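A.B. asks: Take a look at this one; I'll ask things after.
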4 protein chains.
Amino acid sequence: MSPRSKAQNEAIRSKSIFLIKETALELFAHKGYHSTSISQIAKEAGVSKGLLYNYFSGKEELLEVLLLEAAEEIEVEITEIMETIADPFEQLKQLTGQSFLMIKNNLHHWRLVTSLAFQTDVLKDLESVLNAKKEVLIGQMVDLFRRLGMEDPVNEALYFAALVDGIILHYMMVGKDYPLEKMEALILTRYQNIK
Amino acid sequence: MSPRSKAQNEAIRSKSIFLIKETALELFAHKGYHSTSISQIAKEAGVSKGLLYNYFSGKEELLEVLLLEAAEEIEVEITEIMETIADPFEQLKQLTGQSFLMIKNNLHHWRLVTSLAFQTDVLKDLESVLNAKKEVLIGQMVDLFRRLGMEDPVNEALYFAALVDGIILHYMMVGKDYPLEKMEALILTRYQNIK
Amino acid sequence: MSPRSKAQNEAIRSKSIFLIKETALELFAHKGYHSTSISQIAKEAGVSKGLLYNYFSGKEELLEVLLLEAAEEIEVEITEIMETIADPFEQLKQLTGQSFLMIKNNLHHWRLVTSLAFQTDVLKDLESVLNAKKEVLIGQMVDLFRRLGMEDPVNEALYFAALVDGIILHYMMVGKDYPLEKMEALILTRYQNIK
Amino acid sequence: MSPRSKAQNEAIRSKSIFLIKETALELFAHKGYHSTSISQIAKEAGVSKGLLYNYFSGKEELLEVLLLEAAEEIEVEITEIMETIADPFEQLKQLTGQSFLMIKNNLHHWRLVTSLAFQTDVLKDLESVLNAKKEVLIGQMVDLFRRLGMEDPVNEALYFAALVDGIILHYMMVGKDYPLEKMEALILTRYQNIK
DNA sequence: GATGAATGAGTGTTCATTCAT
DNA sequence: GATGAATGAACACTCATTCAT
């Protein structure tokens, strides 16, 4: 038995880590963070509990990794839109549409993120990182509304964010019967006249 | 030598129950349902764990009582507005203002209610009761927007509800620096022209 | 309000004590000693928990009183038979019949007594008292078998006692379908020839 | 560095399970099911409470396993006798002797089994299984007494069973001073004449 | 890299008992 | 004589985490 090469080891590691994260996300999102046990994650992922602790320092770190990845995912999507589109109204339209699409495609993910926003006991250190990301996002929105020529771009950004989050909230609670497209159209009416 | 009178007992009971509920609400709201232990509630309330079980059949019932009381509180406020004011725009204005006032005055309650909307592992039996109350509320809102003369009152009601909930959500996350009044004003712009 | 007379007080006491004992026996026998709580006994007896502790020093003493009374009941029955009947075979016959009659009429009672014979953790101090009573009873039986002219009256007494207890045991487990009368007849065949 | 082999794990598991069962049997038998706590079993067995729950789903399952094993032990012994011996009187003699031998060698087991016959609040699901085994045993006894040429083999079987159980009962209560051999001889006198 | 037996602090809950009234 | 609010030690059970292999 020759020792595994570095690349082989790396591949094995990556696969196990991916499996664990995927399973954990699925379970956290479906059953909640507290109601999901490490044993369950390990069993469902087909790895031992010990291996899980080789890759993550504990249950909380596992959660933090998942949340950070989710935040980065959003960041990438938004940056993409902001950089490839020039017209502010078109940016807003794409941003809105893309937000809802992400929610639709990944309901579990977002359920988890949102539910944890209220669990101040979990997280703690992650909070500052996420807040920083949120600040950047709000800054981009303020800029967008300024370019749209609105009088009070700061509050308009907050208003828009609240509206989108409120709709997401309701969609998460109601499910697929929620008229997401109708809401999307209604959001934009406010800015269409201004255009 | 004679046993305590019924009134005396009732007073003692009420005081203890109030203490327990108040403490539980505070803790559930701040740390989350799962992360708050019965021992902690009892200790913070200054009573024994045993006494808590004299008044509530368990941790879950304690939560249910708190949620039902919160739901009833809203119900009363809204009914009051709907019955004492005739003009639909004025109703909407009052409803919005009152909602934000309630949140401001009772942040704990609302943190708890909102956070539990995502904890599908708790509740279960209470869900149907709360859903029924929500349906009634939505119905009242649809009627209001119809009286306002809007074209699609159903979706307008959902839009309004999402907007208000989104703002509440953000207020809960940001705290007292959040420009609640500014948002309140922005909400109403949509309906002012129609008036 | 004139103070109650001594006799009145005594009557009140007796009634309460009787009520508590009756209820406790019923519950202990039906649900088992450990599965019956003091609260339940008090509630079912219609008295307060405090009153119960006025009359009995605790749950265990309550049980001991019940067991002692049961033991005395048997003692009385047996003494009655031994004193009013002269012929040893007739005594044996009456003793057997009476034993089964008592079981039949008071199944719960006996279930309790028997089940507790195996719970060495309960009781302790009562054990010596009950053993003394048992010794007396065995002595009477030995004497009876001696008068019957049997060769080894000591072992015959033990044999008879085991037989009766075994039948009682099975009757308690099977219930009213058990052929108690048939067994009664079979018991006596051993001694009929000797007569 | 490599994980333990399956065989190694199995050996470790078996040892722990054996230790737990042995301790639990000892304690259940001596102090009764309700009066024995899981903590006590774990401590006495020299393992942690958690380990106990790795192997048994709870206190009740632990009990059930012990009872089932006891029942199977009897079954095997009896089947052995019934299959290797042809003469019915010799079978009866062996059965009696073997029964008492088993009791002597395994007093704990039997104390537990007997005491639980009266604890109707425990068990429930196991009852049907045990009753089925008992029916089979009674059936075999009836057949034996029929082959012995007795007039009423059904009731003779019940009589014999009661007698044996009664003696066992007394032996369990009295201990090693009980004249088990004398009783064994007395039992058989009834059937010796018939032979 | 990987395992899973083992731990123990923690959970929610029960209940015999006390005592101020 | 009588009450029941209050206690706290004990219970069965869970699970994140460790570590020998």
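Residue numbering restarts at 1 in every chain; chains get A, B, ... in the order shown in the structure tokens, and ligands count up from 1 in that same order.
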Find the residues of chain B that sit at most 10 Å from chain E; for each, write down the nearest two atoms and how far apart they are in Å, to one decimal. Count only C-alpha atoms (C1' of nucleotides). Sort by chain, then by number going up, and give it as CSV.
C.D. replies:
residue,atom,partner,partner_atom,distance
B:Met1,CA,E:DT21,C1',5.8
B:Ser2,CA,E:DT21,C1',6.2
B:Pro3,CA,E:DT21,C1',5.2
B:Arg4,CA,E:DT21,C1',5.3
B:Ser5,CA,E:DT21,C1',8.9
B:Gln8,CA,E:DT21,C1',9.9
B:Ser37,CA,E:DT11,C1',7.6
B:Ile38,CA,E:DG12,C1',7.3
B:Ser39,CA,E:DG12,C1',9.0
B:Lys49,CA,E:DT13,C1',9.3
B:Gly50,CA,E:DT14,C1',8.5
B:Tyr53,CA,E:DT13,C1',8.2
B:Ser57,CA,E:DT13,C1',9.4
B:Gly58,CA,E:DG12,C1',7.8
B:Lys59,CA,E:DG12,C1',7.6
A.B. asks: Find the residues of chain F in contact range of chain B, meaning any atom within 12 Å when counting only C-alpha atoms (C1' of nucleotides), and list them as a tab-separated table (two decimals) with N, CA and C atoms (P, O5', C5', C4', C3', O3' and C1' of nucleotides), in the first residue's frame.
C.D. replies:
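After the write, result-v8.tsv holds the following:
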chain	number	residue	atom	x	y	z
F	1	DG	P	-56.77	17.87	64.81
F	1	DG	O5'	-57.98	18.81	64.38
F	1	DG	C5'	-59.31	18.36	64.13
F	1	DG	C4'	-59.85	19.11	62.91
F	1	DG	C3'	-59.36	18.49	61.60
F	1	DG	O3'	-60.41	18.63	60.65
F	1	DG	C1'	-58.55	20.69	61.76
F	2	DA	P	-60.31	18.06	59.23
F	2	DA	O5'	-59.50	19.19	58.47
F	2	DA	C5'	-60.19	20.40	58.15
F	2	DA	C4'	-59.30	21.27	57.32
F	2	DA	C3'	-58.66	20.59	56.11
F	2	DA	O3'	-59.37	21.02	54.96
F	2	DA	C1'	-57.18	22.11	57.21
F	3	DT	P	-58.93	20.52	53.51
F	3	DT	O5'	-57.93	21.66	53.08
F	3	DT	C5'	-58.40	23.01	52.98
F	3	DT	C4'	-57.27	23.91	52.61
F	3	DT	C3'	-56.54	23.50	51.34
F	3	DT	O3'	-56.96	24.36	50.31
F	3	DT	C1'	-55.05	24.24	53.06
F	4	DG	P	-57.07	23.84	48.83
F	4	DG	O5'	-55.68	24.40	48.27
F	4	DG	C5'	-55.31	25.76	48.52
F	4	DG	C4'	-53.83	25.92	48.26
F	4	DG	C3'	-53.29	25.18	47.05
F	4	DG	O3'	-52.18	25.89	46.54
F	4	DG	C1'	-52.15	24.46	48.89
F	5	DA	P	-52.39	26.85	45.30
F	5	DA	O5'	-51.12	27.80	45.47
F	5	DA	C5'	-51.10	28.81	46.50
F	5	DA	C4'	-49.68	29.05	46.97
F	5	DA	C3'	-48.63	29.11	45.87
F	5	DA	O3'	-47.68	30.09	46.26
F	5	DA	C1'	-48.12	27.32	47.34
F	6	DA	P	-46.45	30.40	45.30
F	6	DA	O5'	-45.34	29.43	45.88
F	6	DA	C5'	-44.79	29.71	47.16
F	6	DA	C4'	-43.78	28.64	47.50
F	6	DA	C3'	-42.72	28.40	46.43
F	6	DA	O3'	-41.47	28.86	46.90
F	6	DA	C1'	-43.57	26.35	47.35
F	7	DT	P	-40.17	28.71	46.03
F	7	DT	O5'	-39.60	27.31	46.52
F	7	DT	C5'	-39.34	27.15	47.91
F	7	DT	C4'	-38.92	25.74	48.19
F	7	DT	C3'	-37.70	25.27	47.39
F	7	DT	O3'	-36.66	25.03	48.31
F	7	DT	C1'	-39.40	23.62	47.41
F	8	DG	P	-35.15	25.33	47.94
F	8	DG	O5'	-34.66	23.86	47.59
F	8	DG	C5'	-34.85	22.82	48.54
F	8	DG	C4'	-34.61	21.49	47.86
F	8	DG	C3'	-33.47	21.51	46.83
F	8	DG	O3'	-32.86	20.21	46.81
F	8	DG	C1'	-35.39	20.85	45.76
F	9	DA	P	-31.35	20.13	47.16
F	9	DA	O5'	-31.22	18.58	47.48
F	9	DA	C5'	-32.21	17.90	48.25
F	9	DA	C4'	-32.72	16.67	47.51
F	9	DA	C3'	-31.65	15.92	46.71
F	9	DA	O3'	-31.92	14.52	46.83
F	9	DA	C1'	-33.40	16.52	45.28
A.B. asks: Which is closest to chain A among B:Glu64, B:Asp152, B:Glu184, B:Asp121, if we use only C-alpha atoms?
C.D. replies: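 So, comparing all the options, the nearest one is B:Asp121.
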A.B. asks: Which chain B residues are at most 8 Å from chain A (counting only C-alpha atoms), as a ChimeraX atom specification?
C.D. replies: /B:30-32,34-35,111,115,117-121,155,159,161-167,169-170,173,179,182-183,186,190
A.B. asks: Fewer than 4 positions away in the same chain doesn't count, so skip those; otherwise give me all residues within 10 Å of stretch 101-105 of chain C, counting only C-alpha atoms (C1' of nucleotides), as a PyMOL selection string.
C.D. replies: chain C and resi 73-74+77+95-97+109-111+168+171-172+175-176+180
A.B. asks: Where does DSSP see helix (DSSP H, G or I) in stretch 46-170 of chain A, if you list the residues as a short mmCIF file (atom, residue, chain, number, x, y, z; two decimals) with N, CA and C atoms, in the first residue's frame?
C.D. replies:
data_model
loop_
_atom_site.label_atom_id
_atom_site.label_comp_id
_atom_site.auth_asym_id
_atom_site.auth_seq_id
_atom_site.Cartn_x
_atom_site.Cartn_y
_atom_site.Cartn_z
N LYS A 49 -18.48 10.43 13.35
CA LYS A 49 -18.49 11.67 14.12
C LYS A 49 -17.08 12.24 14.25
N GLY A 50 -16.15 11.33 14.43
CA GLY A 50 -14.77 11.77 14.58
C GLY A 50 -14.27 12.56 13.39
N LEU A 51 -14.62 12.08 12.21
CA LEU A 51 -14.15 12.76 11.00
C LEU A 51 -14.71 14.18 10.93
N LEU A 52 -15.96 14.30 11.30
CA LEU A 52 -16.59 15.63 11.30
C LEU A 52 -15.78 16.59 12.17
N TYR A 53 -15.31 16.09 13.31
CA TYR A 53 -14.54 16.95 14.20
C TYR A 53 -13.11 17.16 13.69
N ASN A 54 -12.70 16.33 12.74
CA ASN A 54 -11.41 16.60 12.10
C ASN A 54 -11.47 17.86 11.24
N TYR A 55 -12.64 18.08 10.66
CA TYR A 55 -12.76 19.18 9.70
C TYR A 55 -13.40 20.44 10.27
N LYS A 59 -20.05 22.00 16.35
CA LYS A 59 -21.32 22.20 15.68
C LYS A 59 -21.46 23.66 15.24
N GLU A 60 -21.02 24.54 16.10
CA GLU A 60 -21.20 25.96 15.80
C GLU A 60 -20.35 26.40 14.61
N GLU A 61 -19.11 25.92 14.56
CA GLU A 61 -18.26 26.32 13.43
C GLU A 61 -18.85 25.82 12.11
N LEU A 62 -19.40 24.63 12.17
CA LEU A 62 -20.03 24.08 10.97
C LEU A 62 -21.13 25.02 10.47
N LEU A 63 -21.92 25.49 11.42
CA LEU A 63 -22.98 26.43 11.05
C LEU A 63 -22.40 27.72 10.48
N GLU A 64 -21.36 28.22 11.13
CA GLU A 64 -20.77 29.47 10.69
C GLU A 64 -20.25 29.38 9.26
N VAL A 65 -19.62 28.27 8.96
CA VAL A 65 -19.12 28.07 7.60
C VAL A 65 -20.26 28.12 6.61
N LEU A 66 -21.34 27.45 6.94
CA LEU A 66 -22.50 27.42 6.03
C LEU A 66 -23.04 28.83 5.82
N LEU A 67 -23.13 29.59 6.90
CA LEU A 67 -23.70 30.93 6.78
C LEU A 67 -22.79 31.84 5.98
N LEU A 68 -21.51 31.74 6.22
CA LEU A 68 -20.56 32.57 5.48
C LEU A 68 -20.63 32.28 3.98
N GLU A 69 -20.72 31.01 3.66
CA GLU A 69 -20.81 30.64 2.25
C GLU A 69 -22.08 31.19 1.61
N ALA A 70 -23.15 31.16 2.39
CA ALA A 70 -24.41 31.70 1.86
C ALA A 70 -24.26 33.19 1.60
N ALA A 71 -23.64 33.87 2.56
CA ALA A 71 -23.47 35.33 2.41
C ALA A 71 -22.61 35.64 1.19
N GLU A 72 -21.58 34.83 0.99
CA GLU A 72 -20.70 35.09 -0.16
C GLU A 72 -21.42 34.85 -1.48
N GLU A 73 -22.27 33.87 -1.48
CA GLU A 73 -23.06 33.57 -2.66
C GLU A 73 -23.88 34.79 -3.09
N ILE A 74 -24.55 35.39 -2.11
CA ILE A 74 -25.33 36.60 -2.42
C ILE A 74 -24.42 37.69 -2.96
N GLU A 75 -23.31 37.88 -2.27
CA GLU A 75 -22.38 38.94 -2.63
C GLU A 75 -21.98 38.82 -4.11
N VAL A 76 -21.65 37.61 -4.50
CA VAL A 76 -21.22 37.37 -5.87
C VAL A 76 -22.33 37.73 -6.86
N GLU A 77 -23.53 37.25 -6.55
CA GLU A 77 -24.66 37.51 -7.45
C GLU A 77 -24.87 39.01 -7.65
N ILE A 78 -24.84 39.72 -6.52
CA ILE A 78 -25.11 41.16 -6.58
C ILE A 78 -24.00 41.90 -7.32
N THR A 79 -22.78 41.57 -7.00
CA THR A 79 -21.65 42.21 -7.67
C THR A 79 -21.77 42.02 -9.18
N GLU A 80 -22.08 40.81 -9.57
CA GLU A 80 -22.26 40.48 -10.98
C GLU A 80 -23.24 41.45 -11.64
N ILE A 81 -24.40 41.62 -10.99
CA ILE A 81 -25.42 42.50 -11.55
C ILE A 81 -24.93 43.95 -11.60
N MET A 82 -24.34 44.39 -10.51
CA MET A 82 -23.92 45.78 -10.44
C MET A 82 -22.84 46.09 -11.47
N GLU A 83 -22.04 45.09 -11.79
CA GLU A 83 -20.91 45.34 -12.69
C GLU A 83 -21.25 45.19 -14.16
N THR A 84 -22.23 44.37 -14.47
CA THR A 84 -22.52 44.11 -15.88
C THR A 84 -23.64 44.99 -16.43
N PRO A 88 -29.51 52.22 -13.77
CA PRO A 88 -29.92 51.93 -12.39
C PRO A 88 -31.27 51.24 -12.28
N PHE A 89 -32.25 51.67 -13.09
CA PHE A 89 -33.56 51.01 -12.99
C PHE A 89 -33.46 49.53 -13.40
N GLU A 90 -32.68 49.31 -14.45
CA GLU A 90 -32.50 47.93 -14.91
C GLU A 90 -31.76 47.12 -13.83
N GLN A 91 -30.81 47.74 -13.17
CA GLN A 91 -30.10 47.08 -12.05
C GLN A 91 -31.10 46.68 -10.96
N LEU A 92 -31.94 47.63 -10.60
CA LEU A 92 -32.93 47.37 -9.55
C LEU A 92 -33.84 46.20 -9.93
N LYS A 93 -34.28 46.22 -11.19
CA LYS A 93 -35.16 45.18 -11.69
C LYS A 93 -34.47 43.81 -11.61
N GLN A 94 -33.24 43.77 -12.08
CA GLN A 94 -32.48 42.52 -12.05
C GLN A 94 -32.23 42.05 -10.62
N LEU A 95 -31.88 43.02 -9.78
CA LEU A 95 -31.60 42.72 -8.37
C LEU A 95 -32.82 42.07 -7.71
N THR A 96 -33.96 42.68 -7.93
CA THR A 96 -35.21 42.16 -7.36
C THR A 96 -35.48 40.75 -7.89
N GLY A 97 -35.45 40.63 -9.20
CA GLY A 97 -35.73 39.34 -9.81
C GLY A 97 -34.76 38.27 -9.33
N GLN A 98 -33.48 38.64 -9.30
CA GLN A 98 -32.47 37.67 -8.91
C GLN A 98 -32.64 37.24 -7.46
N SER A 99 -32.99 38.19 -6.59
CA SER A 99 -33.21 37.88 -5.17
C SER A 99 -34.29 36.81 -5.03
N PHE A 100 -35.40 37.04 -5.69
CA PHE A 100 -36.50 36.11 -5.56
C PHE A 100 -36.16 34.75 -6.17
N LEU A 101 -35.40 34.79 -7.24
CA LEU A 101 -35.01 33.53 -7.87
C LEU A 101 -34.14 32.70 -6.92
N MET A 102 -33.22 33.39 -6.25
CA MET A 102 -32.35 32.68 -5.31
C MET A 102 -33.16 32.05 -4.18
N ILE A 103 -34.09 32.80 -3.68
CA ILE A 103 -34.95 32.28 -2.61
C ILE A 103 -35.69 31.04 -3.10
N LYS A 104 -36.31 31.19 -4.25
CA LYS A 104 -37.11 30.09 -4.81
C LYS A 104 -36.28 28.82 -4.97
N ASN A 105 -35.08 29.01 -5.48
CA ASN A 105 -34.23 27.84 -5.77
C ASN A 105 -33.61 27.23 -4.52
N LEU A 107 -34.83 27.50 -0.98
CA LEU A 107 -35.66 27.90 0.16
C LEU A 107 -35.05 27.48 1.50
N HIS A 108 -34.57 26.25 1.57
CA HIS A 108 -34.00 25.74 2.83
C HIS A 108 -32.90 26.64 3.35
N HIS A 109 -31.97 26.89 2.46
CA HIS A 109 -30.86 27.78 2.74
C HIS A 109 -31.32 29.04 3.45
N TRP A 110 -32.29 29.68 2.89
CA TRP A 110 -32.70 31.00 3.37
C TRP A 110 -33.52 30.92 4.62
N ARG A 111 -34.27 29.88 4.70
CA ARG A 111 -35.00 29.64 5.94
C ARG A 111 -34.01 29.59 7.10
N LEU A 112 -32.94 28.84 6.88
CA LEU A 112 -31.91 28.71 7.92
C LEU A 112 -31.30 30.05 8.27
N VAL A 113 -30.86 30.77 7.26
CA VAL A 113 -30.22 32.07 7.49
C VAL A 113 -31.15 32.99 8.27
N THR A 114 -32.39 33.06 7.81
CA THR A 114 -33.32 33.98 8.45
C THR A 114 -33.61 33.57 9.89
N SER A 115 -33.85 32.29 10.08
CA SER A 115 -34.21 31.85 11.43
C SER A 115 -33.08 32.15 12.41
N LEU A 116 -31.86 32.09 11.92
CA LEU A 116 -30.74 32.30 12.82
C LEU A 116 -30.50 33.77 13.12
N ASP A 125 -19.59 35.77 17.15
CA ASP A 125 -18.44 36.29 16.41
C ASP A 125 -18.77 36.50 14.92
N LEU A 126 -19.68 35.67 14.41
CA LEU A 126 -20.01 35.80 13.00
C LEU A 126 -20.78 37.10 12.72
N GLU A 127 -21.45 37.56 13.76
CA GLU A 127 -22.35 38.70 13.58
C GLU A 127 -21.64 39.90 12.94
N SER A 128 -20.44 40.22 13.41
CA SER A 128 -19.75 41.40 12.89
C SER A 128 -19.41 41.23 11.41
N VAL A 129 -19.00 40.02 11.04
CA VAL A 129 -18.68 39.77 9.64
C VAL A 129 -19.91 39.97 8.76
N LEU A 130 -21.02 39.38 9.21
CA LEU A 130 -22.24 39.49 8.41
C LEU A 130 -22.73 40.95 8.35
N ASN A 131 -22.58 41.64 9.47
CA ASN A 131 -22.99 43.04 9.48
C ASN A 131 -22.17 43.87 8.50
N ALA A 132 -20.88 43.58 8.43
CA ALA A 132 -20.02 44.30 7.49
C ALA A 132 -20.50 44.09 6.06
N LYS A 133 -20.80 42.83 5.75
CA LYS A 133 -21.29 42.53 4.40
C LYS A 133 -22.61 43.26 4.13
N LYS A 134 -23.44 43.31 5.16
CA LYS A 134 -24.73 43.99 5.01
C LYS A 134 -24.52 45.48 4.74
N GLU A 135 -23.57 46.06 5.43
CA GLU A 135 -23.29 47.48 5.26
C GLU A 135 -22.88 47.78 3.82
N VAL A 136 -22.00 46.95 3.28
CA VAL A 136 -21.54 47.13 1.90
C VAL A 136 -22.73 47.09 0.95
N LEU A 137 -23.59 46.09 1.19
CA LEU A 137 -24.76 45.92 0.33
C LEU A 137 -25.66 47.16 0.41
N ILE A 138 -25.93 47.62 1.62
CA ILE A 138 -26.77 48.81 1.80
C ILE A 138 -26.13 50.00 1.07
N GLY A 139 -24.81 50.12 1.20
CA GLY A 139 -24.09 51.20 0.53
C GLY A 139 -24.32 51.17 -0.98
N GLN A 140 -24.25 49.98 -1.54
CA GLN A 140 -24.47 49.85 -2.98
C GLN A 140 -25.90 50.26 -3.35
N MET A 141 -26.82 49.90 -2.48
CA MET A 141 -28.23 50.23 -2.75
C MET A 141 -28.44 51.74 -2.68
N VAL A 142 -27.82 52.36 -1.68
CA VAL A 142 -27.95 53.82 -1.54
C VAL A 142 -27.44 54.49 -2.81
N ASP A 143 -26.31 54.03 -3.27
CA ASP A 143 -25.72 54.58 -4.49
C ASP A 143 -26.68 54.42 -5.66
N LEU A 144 -27.28 53.24 -5.74
CA LEU A 144 -28.21 52.96 -6.83
C LEU A 144 -29.39 53.95 -6.81
N PHE A 145 -29.94 54.13 -5.62
CA PHE A 145 -31.11 55.03 -5.54
C PHE A 145 -30.71 56.49 -5.79
N ARG A 146 -29.47 56.82 -5.46
CA ARG A 146 -28.99 58.18 -5.76
C ARG A 146 -28.92 58.36 -7.27
N ARG A 147 -28.38 57.33 -7.93
CA ARG A 147 -28.28 57.40 -9.39
C ARG A 147 -29.66 57.42 -10.04
N PRO A 153 -32.00 59.04 -0.81
CA PRO A 153 -31.57 57.69 -1.22
C PRO A 153 -31.29 56.75 -0.06
N VAL A 154 -30.84 57.25 1.09
CA VAL A 154 -30.57 56.37 2.23
C VAL A 154 -31.84 55.67 2.69
N ASN A 155 -32.86 56.46 2.97
CA ASN A 155 -34.10 55.86 3.44
C ASN A 155 -34.80 55.05 2.36
N GLU A 156 -34.61 55.45 1.11
CA GLU A 156 -35.19 54.67 0.02
C GLU A 156 -34.53 53.28 -0.04
N ALA A 157 -33.26 53.25 0.22
CA ALA A 157 -32.56 51.96 0.23
C ALA A 157 -33.10 51.07 1.35
N LEU A 158 -33.26 51.66 2.52
CA LEU A 158 -33.80 50.89 3.65
C LEU A 158 -35.22 50.41 3.36
N TYR A 159 -35.99 51.30 2.74
CA TYR A 159 -37.38 50.96 2.41
C TYR A 159 -37.42 49.79 1.44
N PHE A 160 -36.61 49.88 0.41
CA PHE A 160 -36.56 48.80 -0.58
C PHE A 160 -36.12 47.48 0.06
N ALA A 161 -35.09 47.55 0.89
CA ALA A 161 -34.59 46.34 1.55
C ALA A 161 -35.66 45.71 2.44
N ALA A 162 -36.38 46.55 3.17
CA ALA A 162 -37.43 46.05 4.05
C ALA A 162 -38.53 45.38 3.22
N LEU A 163 -38.88 46.01 2.13
CA LEU A 163 -39.93 45.48 1.26
C LEU A 163 -39.54 44.11 0.73
N VAL A 164 -38.32 44.02 0.20
CA VAL A 164 -37.87 42.74 -0.35
C VAL A 164 -37.81 41.67 0.76
N ASP A 165 -37.25 42.05 1.89
CA ASP A 165 -37.14 41.08 2.98
C ASP A 165 -38.52 40.65 3.50
N GLY A 166 -39.44 41.62 3.55
CA GLY A 166 -40.79 41.29 4.00
C GLY A 166 -41.45 40.27 3.08
N ILE A 167 -41.27 40.49 1.78
CA ILE A 167 -41.86 39.56 0.81
C ILE A 167 -41.21 38.18 0.93
N ILE A 168 -39.89 38.19 1.07
CA ILE A 168 -39.18 36.91 1.25
C ILE A 168 -39.70 36.19 2.50
N LEU A 169 -39.85 36.96 3.56
CA LEU A 169 -40.36 36.41 4.82
C LEU A 169 -41.70 35.71 4.60
N HIS A 170 -42.61 36.42 3.95
CA HIS A 170 -43.93 35.84 3.73
C HIS A 170 -43.87 34.64 2.79
#
A.B. asks: Which value, in Å to one decimal, gives the distance between atom CA of A:Ile41 and atom C1' of F:DC19?
C.D. replies: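 Distance reported for this atom pair: 20.3 Å.
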